[in-house]
file upload16.cif (mmCIF, N, CA and C atoms and all ligand atoms)
data_structure
loop_
_atom_site.label_atom_id
_atom_site.label_comp_id
_atom_site.auth_asym_id
_atom_site.auth_seq_id
_atom_site.Cartn_x
_atom_site.Cartn_y
_atom_site.Cartn_z
N MET A 26 0.84 -1.19 0.00
CA MET A 26 0.00 0.00 0.00
C MET A 26 0.88 1.24 0.00
N THR A 27 0.62 2.13 -0.91
CA THR A 27 1.38 3.36 -0.98
C THR A 27 0.54 4.50 -0.42
N VAL A 28 1.24 5.40 0.22
CA VAL A 28 0.58 6.58 0.79
C VAL A 28 0.88 7.76 -0.11
N SER A 29 -0.15 8.42 -0.56
CA SER A 29 0.06 9.54 -1.47
C SER A 29 0.56 10.76 -0.71
N ARG A 30 1.13 11.68 -1.45
CA ARG A 30 1.63 12.93 -0.85
C ARG A 30 0.48 13.71 -0.21
N ARG A 31 -0.69 13.69 -0.84
CA ARG A 31 -1.85 14.40 -0.30
C ARG A 31 -2.26 13.82 1.06
N GLN A 32 -2.20 12.49 1.19
CA GLN A 32 -2.54 11.87 2.47
C GLN A 32 -1.54 12.27 3.55
N LEU A 33 -0.25 12.37 3.17
CA LEU A 33 0.76 12.80 4.13
C LEU A 33 0.51 14.23 4.57
N ASP A 34 0.16 15.11 3.62
CA ASP A 34 -0.13 16.51 3.96
C ASP A 34 -1.32 16.60 4.91
N VAL A 35 -2.36 15.84 4.62
CA VAL A 35 -3.55 15.86 5.49
C VAL A 35 -3.17 15.37 6.88
N HIS A 36 -2.35 14.32 6.94
CA HIS A 36 -1.92 13.79 8.24
C HIS A 36 -1.11 14.83 9.02
N LYS A 37 -0.19 15.54 8.32
CA LYS A 37 0.60 16.58 8.99
C LYS A 37 -0.31 17.68 9.53
N TRP A 38 -1.29 18.11 8.73
CA TRP A 38 -2.18 19.18 9.18
C TRP A 38 -3.03 18.73 10.36
N LEU A 39 -3.44 17.47 10.34
CA LEU A 39 -4.20 16.97 11.49
C LEU A 39 -3.35 16.97 12.75
N GLN A 40 -2.05 16.63 12.60
CA GLN A 40 -1.15 16.69 13.75
C GLN A 40 -0.99 18.12 14.26
N VAL A 41 -0.85 19.07 13.34
CA VAL A 41 -0.71 20.48 13.73
C VAL A 41 -1.95 20.94 14.47
N ILE A 42 -3.13 20.58 13.94
CA ILE A 42 -4.38 20.97 14.59
C ILE A 42 -4.49 20.32 15.97
N GLN A 43 -4.05 19.07 16.09
CA GLN A 43 -4.09 18.38 17.38
C GLN A 43 -3.18 19.08 18.40
N VAL A 44 -1.98 19.48 17.96
CA VAL A 44 -1.04 20.17 18.86
C VAL A 44 -1.62 21.52 19.29
N LEU A 45 -2.19 22.26 18.34
CA LEU A 45 -2.79 23.55 18.69
C LEU A 45 -3.97 23.37 19.65
N PHE A 46 -4.78 22.35 19.41
CA PHE A 46 -5.92 22.10 20.28
C PHE A 46 -5.45 21.72 21.68
N ASP A 47 -4.42 20.88 21.76
CA ASP A 47 -3.87 20.52 23.08
C ASP A 47 -3.34 21.76 23.79
N GLY A 48 -2.70 22.67 23.03
CA GLY A 48 -2.20 23.90 23.63
C GLY A 48 -3.33 24.77 24.16
N LEU A 49 -4.41 24.86 23.39
CA LEU A 49 -5.56 25.64 23.84
C LEU A 49 -6.20 25.02 25.08
N MET A 50 -6.22 23.72 25.14
CA MET A 50 -6.83 23.03 26.28
C MET A 50 -5.86 22.89 27.45
N LEU A 51 -4.61 23.38 27.27
CA LEU A 51 -3.57 23.34 28.30
C LEU A 51 -3.30 21.91 28.76
N ARG A 52 -3.21 21.01 27.80
CA ARG A 52 -2.94 19.62 28.11
C ARG A 52 -1.49 19.27 27.81
N CYS A 53 -1.05 18.19 28.37
CA CYS A 53 0.32 17.71 28.21
C CYS A 53 0.62 17.44 26.73
N PRO A 54 1.78 17.92 26.22
CA PRO A 54 2.10 17.68 24.82
C PRO A 54 2.46 16.23 24.52
N ARG A 55 2.85 15.46 25.53
CA ARG A 55 3.23 14.07 25.26
C ARG A 55 2.03 13.14 25.26
N CYS A 56 1.29 13.11 26.36
CA CYS A 56 0.21 12.13 26.48
C CYS A 56 -1.14 12.70 26.04
N GLU A 57 -1.25 14.02 25.96
CA GLU A 57 -2.47 14.71 25.53
C GLU A 57 -3.65 14.50 26.48
N HIS A 58 -3.38 14.04 27.69
CA HIS A 58 -4.46 13.82 28.66
C HIS A 58 -4.24 14.60 29.96
N GLY A 59 -2.99 14.67 30.40
CA GLY A 59 -2.70 15.34 31.67
C GLY A 59 -2.83 16.84 31.57
N ARG A 60 -3.26 17.47 32.65
CA ARG A 60 -3.39 18.92 32.68
C ARG A 60 -2.07 19.54 33.06
N MET A 61 -1.74 20.71 32.47
CA MET A 61 -0.48 21.38 32.77
C MET A 61 -0.61 22.37 33.92
N PHE A 62 -1.81 22.93 34.10
CA PHE A 62 -1.99 23.96 35.12
C PHE A 62 -2.90 23.47 36.23
N ARG A 63 -2.47 23.75 37.46
CA ARG A 63 -3.26 23.42 38.64
C ARG A 63 -4.46 24.34 38.71
N ARG A 64 -4.19 25.65 38.77
CA ARG A 64 -5.22 26.68 38.67
C ARG A 64 -4.51 28.00 38.41
N GLY A 65 -5.17 28.87 37.66
CA GLY A 65 -4.55 30.15 37.31
C GLY A 65 -3.24 29.93 36.56
N PHE A 66 -2.17 30.55 37.06
CA PHE A 66 -0.87 30.39 36.44
C PHE A 66 0.01 29.40 37.17
N LYS A 67 -0.53 28.65 38.10
CA LYS A 67 0.25 27.66 38.83
C LYS A 67 0.30 26.36 38.04
N THR A 68 1.50 25.97 37.66
CA THR A 68 1.64 24.75 36.88
C THR A 68 1.99 23.57 37.76
N TYR A 69 1.69 22.40 37.26
CA TYR A 69 2.20 21.19 37.90
C TYR A 69 3.68 21.08 37.58
N HIS A 70 4.44 20.48 38.46
CA HIS A 70 5.86 20.25 38.18
C HIS A 70 6.02 19.20 37.08
N ALA A 71 5.14 18.22 37.08
CA ALA A 71 5.19 17.17 36.07
C ALA A 71 3.76 16.76 35.71
N CYS A 72 3.61 16.17 34.57
CA CYS A 72 2.29 15.73 34.12
C CYS A 72 1.76 14.66 35.08
N PRO A 73 0.53 14.81 35.57
CA PRO A 73 -0.01 13.81 36.50
C PRO A 73 -0.28 12.46 35.83
N VAL A 74 -0.30 12.40 34.52
CA VAL A 74 -0.58 11.15 33.81
C VAL A 74 0.70 10.44 33.39
N CYS A 75 1.60 11.16 32.68
CA CYS A 75 2.79 10.48 32.12
C CYS A 75 4.09 10.92 32.79
N ALA A 76 4.04 11.84 33.75
CA ALA A 76 5.20 12.30 34.53
C ALA A 76 6.21 13.09 33.71
N LEU A 77 5.81 13.64 32.57
CA LEU A 77 6.69 14.54 31.81
C LEU A 77 6.88 15.81 32.62
N GLU A 78 8.15 16.20 32.82
CA GLU A 78 8.42 17.39 33.61
C GLU A 78 8.19 18.65 32.78
N PHE A 79 7.47 19.60 33.36
CA PHE A 79 7.20 20.88 32.70
C PHE A 79 8.18 21.91 33.22
N GLU A 80 9.33 22.00 32.61
CA GLU A 80 10.34 22.97 33.02
C GLU A 80 10.78 23.77 31.81
N ARG A 81 11.10 25.02 32.06
CA ARG A 81 11.64 25.85 31.00
C ARG A 81 13.09 25.48 30.77
N ALA A 82 13.49 25.50 29.51
CA ALA A 82 14.91 25.33 29.21
C ALA A 82 15.60 26.66 29.49
N SER A 83 16.90 26.60 29.81
CA SER A 83 17.59 27.86 30.09
C SER A 83 17.66 28.70 28.82
N GLY A 84 17.41 30.01 28.97
CA GLY A 84 17.44 30.92 27.84
C GLY A 84 16.18 30.89 26.99
N GLU A 85 15.17 30.19 27.45
CA GLU A 85 13.96 30.05 26.64
C GLU A 85 13.21 31.36 26.47
N ILE A 86 13.26 32.22 27.48
CA ILE A 86 12.49 33.46 27.39
C ILE A 86 13.35 34.65 27.01
N THR A 87 14.62 34.45 26.77
CA THR A 87 15.52 35.57 26.48
C THR A 87 15.10 36.32 25.22
N GLY A 88 14.75 35.60 24.17
CA GLY A 88 14.36 36.26 22.92
C GLY A 88 13.11 37.09 23.09
N GLY A 89 12.10 36.52 23.72
CA GLY A 89 10.85 37.25 23.94
C GLY A 89 11.05 38.47 24.81
N MET A 90 11.90 38.31 25.84
CA MET A 90 12.18 39.44 26.73
C MET A 90 12.91 40.54 25.98
N GLY A 91 13.85 40.18 25.11
CA GLY A 91 14.57 41.18 24.33
C GLY A 91 13.65 41.93 23.38
N ILE A 92 12.76 41.20 22.73
CA ILE A 92 11.81 41.84 21.81
C ILE A 92 10.88 42.78 22.58
N ASN A 93 10.38 42.33 23.72
CA ASN A 93 9.49 43.17 24.52
C ASN A 93 10.20 44.41 25.03
N THR A 94 11.44 44.27 25.46
CA THR A 94 12.20 45.42 25.95
C THR A 94 12.40 46.43 24.83
N TYR A 95 12.78 45.94 23.65
CA TYR A 95 13.01 46.83 22.52
C TYR A 95 11.72 47.57 22.15
N ARG A 96 10.63 46.84 22.03
CA ARG A 96 9.37 47.46 21.61
C ARG A 96 8.85 48.43 22.67
N SER A 97 9.00 48.07 23.94
CA SER A 97 8.55 48.96 25.01
C SER A 97 9.35 50.25 25.03
N SER A 98 10.67 50.13 24.86
CA SER A 98 11.49 51.33 24.88
C SER A 98 11.18 52.22 23.68
N ARG A 99 10.93 51.62 22.52
CA ARG A 99 10.56 52.41 21.34
C ARG A 99 9.21 53.11 21.57
N GLY A 100 8.25 52.41 22.17
CA GLY A 100 6.95 53.00 22.46
C GLY A 100 7.06 54.13 23.46
N LEU A 101 7.87 53.92 24.50
CA LEU A 101 8.07 54.96 25.50
C LEU A 101 8.75 56.18 24.88
N TRP A 102 9.74 55.95 24.05
CA TRP A 102 10.46 57.03 23.38
C TRP A 102 9.50 57.82 22.47
N ALA A 103 8.67 57.12 21.71
CA ALA A 103 7.72 57.80 20.82
C ALA A 103 6.70 58.58 21.63
N SER A 104 6.25 58.03 22.76
CA SER A 104 5.29 58.74 23.61
C SER A 104 5.90 60.01 24.18
N LEU A 105 7.14 59.91 24.64
CA LEU A 105 7.81 61.09 25.20
C LEU A 105 7.99 62.16 24.14
N ARG A 106 8.37 61.75 22.94
CA ARG A 106 8.55 62.71 21.85
C ARG A 106 7.23 63.37 21.50
N TYR A 107 6.15 62.61 21.50
CA TYR A 107 4.84 63.17 21.19
C TYR A 107 4.39 64.14 22.28
N LEU A 108 4.58 63.74 23.53
CA LEU A 108 4.12 64.57 24.64
C LEU A 108 4.93 65.85 24.79
N THR A 109 6.21 65.80 24.46
CA THR A 109 7.03 67.00 24.58
C THR A 109 6.96 67.85 23.32
N GLY A 110 6.35 67.33 22.26
CA GLY A 110 6.17 68.11 21.05
C GLY A 110 7.38 68.15 20.14
N SER A 111 8.38 67.38 20.43
CA SER A 111 9.57 67.37 19.56
C SER A 111 9.41 66.23 18.56
N ASN A 112 8.82 66.57 17.41
CA ASN A 112 8.52 65.56 16.40
C ASN A 112 9.57 65.44 15.32
N THR A 113 10.57 66.31 15.33
CA THR A 113 11.59 66.21 14.30
C THR A 113 12.85 65.61 14.90
N GLU A 114 13.65 65.02 14.04
CA GLU A 114 14.88 64.40 14.48
C GLU A 114 15.92 65.42 14.93
N SER A 115 15.88 66.64 14.37
CA SER A 115 16.92 67.63 14.65
C SER A 115 16.72 68.34 15.98
N ASP A 116 15.57 68.10 16.65
CA ASP A 116 15.33 68.78 17.93
C ASP A 116 16.19 68.28 19.03
ZN ZN B 1 1.45 13.74 30.05
#
call {"tool": "encode", "arguments": {"input": "upload16.cif", "output": "structure tokens"}}
result
Amino acid sequence: MTVSRRQLDVHKWLQVIQVLFDGLMLRCPRCEHGRMFRRGFKTYHACPVCALEFERASGEITGGMGINTYRSSRGLWASLRYLTGSNTESD
């Protein structure tokens, strides 16, 4: 039995949809049954079903933090320039 390329594409998309749905439901990415959050923002240390540990890798948030810092500083700078009325670069 041969599997066509179209069947492979459909299978990949179904996997992507399953991963996104699991993320929305805050379920474990491995077993898809265990809950990741106890309540609010409190997470379990490990999945109660398959014992997968939910830990951040080191440096995982560095990129996001850098982007947020850059965008926040640009927004603050633009706000200050608007509020002080100095809209030209030569001021
Ligand atoms: Zn699990």
call {"tool": "residues_near_ligand", "arguments": {"input": "upload16.cif", "ligand": "ligand ZN 1 (chain B)", "cutoff": "8 Å", "atoms": "all atoms listed in the file", "output": "VMD selection string"}}
result
chain A and resid 52 to 60 71 to 78
call {"tool": "select_by_dssp", "arguments": {"input": "upload16.cif", "residues": "stretch 34-116 of chain A", "states": "strand (DSSP E)", "output": "mmCIF file with N, CA and C atoms, in the coordinates of the input"}}
result
data_model
loop_
_atom_site.group_PDB
_atom_site.id
_atom_site.type_symbol
_atom_site.label_atom_id
_atom_site.label_comp_id
_atom_site.auth_asym_id
_atom_site.auth_seq_id
_atom_site.Cartn_x
_atom_site.Cartn_y
_atom_site.Cartn_z
ATOM 1 N N PHE A 62 -1.810 22.930 34.100
ATOM 2 C CA PHE A 62 -1.990 23.960 35.120
ATOM 3 C C PHE A 62 -2.900 23.470 36.230
ATOM 4 N N ARG A 63 -2.470 23.750 37.460
ATOM 5 C CA ARG A 63 -3.260 23.420 38.640
ATOM 6 C C ARG A 63 -4.460 24.340 38.710
ATOM 7 N N ARG A 64 -4.190 25.650 38.770
ATOM 8 C CA ARG A 64 -5.220 26.680 38.670
ATOM 9 C C ARG A 64 -4.510 28.000 38.410
ATOM 10 N N LYS A 67 -0.530 28.650 38.100
ATOM 11 C CA LYS A 67 0.250 27.660 38.830
ATOM 12 C C LYS A 67 0.300 26.360 38.040
ATOM 13 N N THR A 68 1.500 25.970 37.660
ATOM 14 C CA THR A 68 1.640 24.750 36.880
ATOM 15 C C THR A 68 1.990 23.570 37.760
#
call {"tool": "closest_residue", "arguments": {"input": "upload16.cif", "among": "A:Ile92, A:Phe66, A:Val28, A:Met61", "to": "A:Phe79", "atoms": "only N, CA and C atoms"}}
result
A:Met61
call {"tool": "select_by_dssp", "arguments": {"input": "upload16.cif", "residues": "chain A", "states": "alpha helix (DSSP H)", "output": "NGL selection string"}}
result
:A and (30-49 or 87-109)
call {"tool": "write_last_selection", "arguments": {"input": "upload16.cif", "atoms": "N, CA and C atoms", "output": "CSV table (one decimal), in the frame of the given file"}}
result
chain,number,residue,atom,x,y,z
A,30,ARG,N,1.1,11.7,-1.4
A,30,ARG,CA,1.6,12.9,-0.8
A,30,ARG,C,0.5,13.7,-0.2
A,31,ARG,N,-0.7,13.7,-0.8
A,31,ARG,CA,-1.8,14.4,-0.3
A,31,ARG,C,-2.3,13.8,1.1
A,32,GLN,N,-2.2,12.5,1.2
A,32,GLN,CA,-2.5,11.9,2.5
A,32,GLN,C,-1.5,12.3,3.6
A,33,LEU,N,-0.2,12.4,3.2
A,33,LEU,CA,0.8,12.8,4.1
A,33,LEU,C,0.5,14.2,4.6
A,34,ASP,N,0.2,15.1,3.6
A,34,ASP,CA,-0.1,16.5,4.0
A,34,ASP,C,-1.3,16.6,4.9
A,35,VAL,N,-2.4,15.8,4.6
A,35,VAL,CA,-3.6,15.9,5.5
A,35,VAL,C,-3.2,15.4,6.9
A,36,HIS,N,-2.4,14.3,6.9
A,36,HIS,CA,-1.9,13.8,8.2
A,36,HIS,C,-1.1,14.8,9.0
A,37,LYS,N,-0.2,15.5,8.3
A,37,LYS,CA,0.6,16.6,9.0
A,37,LYS,C,-0.3,17.7,9.5
A,38,TRP,N,-1.3,18.1,8.7
A,38,TRP,CA,-2.2,19.2,9.2
A,38,TRP,C,-3.0,18.7,10.4
A,39,LEU,N,-3.4,17.5,10.3
A,39,LEU,CA,-4.2,17.0,11.5
A,39,LEU,C,-3.4,17.0,12.8
A,40,GLN,N,-2.0,16.6,12.6
A,40,GLN,CA,-1.2,16.7,13.8
A,40,GLN,C,-1.0,18.1,14.3
A,41,VAL,N,-0.8,19.1,13.3
A,41,VAL,CA,-0.7,20.5,13.7
A,41,VAL,C,-2.0,20.9,14.5
A,42,ILE,N,-3.1,20.6,13.9
A,42,ILE,CA,-4.4,21.0,14.6
A,42,ILE,C,-4.5,20.3,16.0
A,43,GLN,N,-4.0,19.1,16.1
A,43,GLN,CA,-4.1,18.4,17.4
A,43,GLN,C,-3.2,19.1,18.4
A,44,VAL,N,-2.0,19.5,18.0
A,44,VAL,CA,-1.0,20.2,18.9
A,44,VAL,C,-1.6,21.5,19.3
A,45,LEU,N,-2.2,22.3,18.3
A,45,LEU,CA,-2.8,23.6,18.7
A,45,LEU,C,-4.0,23.4,19.6
A,46,PHE,N,-4.8,22.4,19.4
A,46,PHE,CA,-5.9,22.1,20.3
A,46,PHE,C,-5.4,21.7,21.7
A,47,ASP,N,-4.4,20.9,21.8
A,47,ASP,CA,-3.9,20.5,23.1
A,47,ASP,C,-3.3,21.8,23.8
A,48,GLY,N,-2.7,22.7,23.0
A,48,GLY,CA,-2.2,23.9,23.6
A,48,GLY,C,-3.3,24.8,24.2
A,49,LEU,N,-4.4,24.9,23.4
A,49,LEU,CA,-5.6,25.6,23.8
A,49,LEU,C,-6.2,25.0,25.1
A,87,THR,N,14.6,34.4,26.8
A,87,THR,CA,15.5,35.6,26.5
A,87,THR,C,15.1,36.3,25.2
A,88,GLY,N,14.8,35.6,24.2
A,88,GLY,CA,14.4,36.3,22.9
A,88,GLY,C,13.1,37.1,23.1
A,89,GLY,N,12.1,36.5,23.7
A,89,GLY,CA,10.8,37.2,23.9
A,89,GLY,C,11.0,38.5,24.8
A,90,MET,N,11.9,38.3,25.8
A,90,MET,CA,12.2,39.4,26.7
A,90,MET,C,12.9,40.5,26.0
A,91,GLY,N,13.8,40.2,25.1
A,91,GLY,CA,14.6,41.2,24.3
A,91,GLY,C,13.6,41.9,23.4
A,92,ILE,N,12.8,41.2,22.7
A,92,ILE,CA,11.8,41.8,21.8
A,92,ILE,C,10.9,42.8,22.6
A,93,ASN,N,10.4,42.3,23.7
A,93,ASN,CA,9.5,43.2,24.5
A,93,ASN,C,10.2,44.4,25.0
A,94,THR,N,11.4,44.3,25.5
A,94,THR,CA,12.2,45.4,26.0
A,94,THR,C,12.4,46.4,24.8
A,95,TYR,N,12.8,45.9,23.6
A,95,TYR,CA,13.0,46.8,22.5
A,95,TYR,C,11.7,47.6,22.2
A,96,ARG,N,10.6,46.8,22.0
A,96,ARG,CA,9.4,47.5,21.6
A,96,ARG,C,8.8,48.4,22.7
A,97,SER,N,9.0,48.1,23.9
A,97,SER,CA,8.6,49.0,25.0
A,97,SER,C,9.4,50.2,25.0
A,98,SER,N,10.7,50.1,24.9
A,98,SER,CA,11.5,51.3,24.9
A,98,SER,C,11.2,52.2,23.7
A,99,ARG,N,10.9,51.6,22.5
A,99,ARG,CA,10.6,52.4,21.3
A,99,ARG,C,9.2,53.1,21.6
A,100,GLY,N,8.2,52.4,22.2
A,100,GLY,CA,7.0,53.0,22.5
A,100,GLY,C,7.1,54.1,23.5
A,101,LEU,N,7.9,53.9,24.5
A,101,LEU,CA,8.1,55.0,25.5
A,101,LEU,C,8.8,56.2,24.9
A,102,TRP,N,9.7,56.0,24.0
A,102,TRP,CA,10.5,57.0,23.4
A,102,TRP,C,9.5,57.8,22.5
A,103,ALA,N,8.7,57.1,21.7
A,103,ALA,CA,7.7,57.8,20.8
A,103,ALA,C,6.7,58.6,21.6
A,104,SER,N,6.2,58.0,22.8
A,104,SER,CA,5.3,58.7,23.6
A,104,SER,C,5.9,60.0,24.2
A,105,LEU,N,7.1,59.9,24.6
A,105,LEU,CA,7.8,61.1,25.2
A,105,LEU,C,8.0,62.2,24.1
A,106,ARG,N,8.4,61.8,22.9
A,106,ARG,CA,8.6,62.7,21.8
A,106,ARG,C,7.2,63.4,21.5
A,107,TYR,N,6.2,62.6,21.5
A,107,TYR,CA,4.8,63.2,21.2
A,107,TYR,C,4.4,64.1,22.3
A,108,LEU,N,4.6,63.7,23.5
A,108,LEU,CA,4.1,64.6,24.6
A,108,LEU,C,4.9,65.8,24.8
A,109,THR,N,6.2,65.8,24.5
A,109,THR,CA,7.0,67.0,24.6
A,109,THR,C,7.0,67.8,23.3
call {"tool": "atom_distance", "arguments": {"input": "upload16.cif", "atom1": "atom N of A:Leu101", "atom2": "atom C of A:Ile86"}}
result
20.2 Å
call {"tool": "atom_distance", "arguments": {"input": "upload16.cif", "atom1": "atom CA of A:Arg63", "atom2": "atom CA of A:Gln40"}}
result
25.9 Å
call {"tool": "atom_distance", "arguments": {"input": "upload16.cif", "atom1": "atom CA of A:Ala103", "atom2": "atom CA of A:Gly89"}}
result
21.0 Å
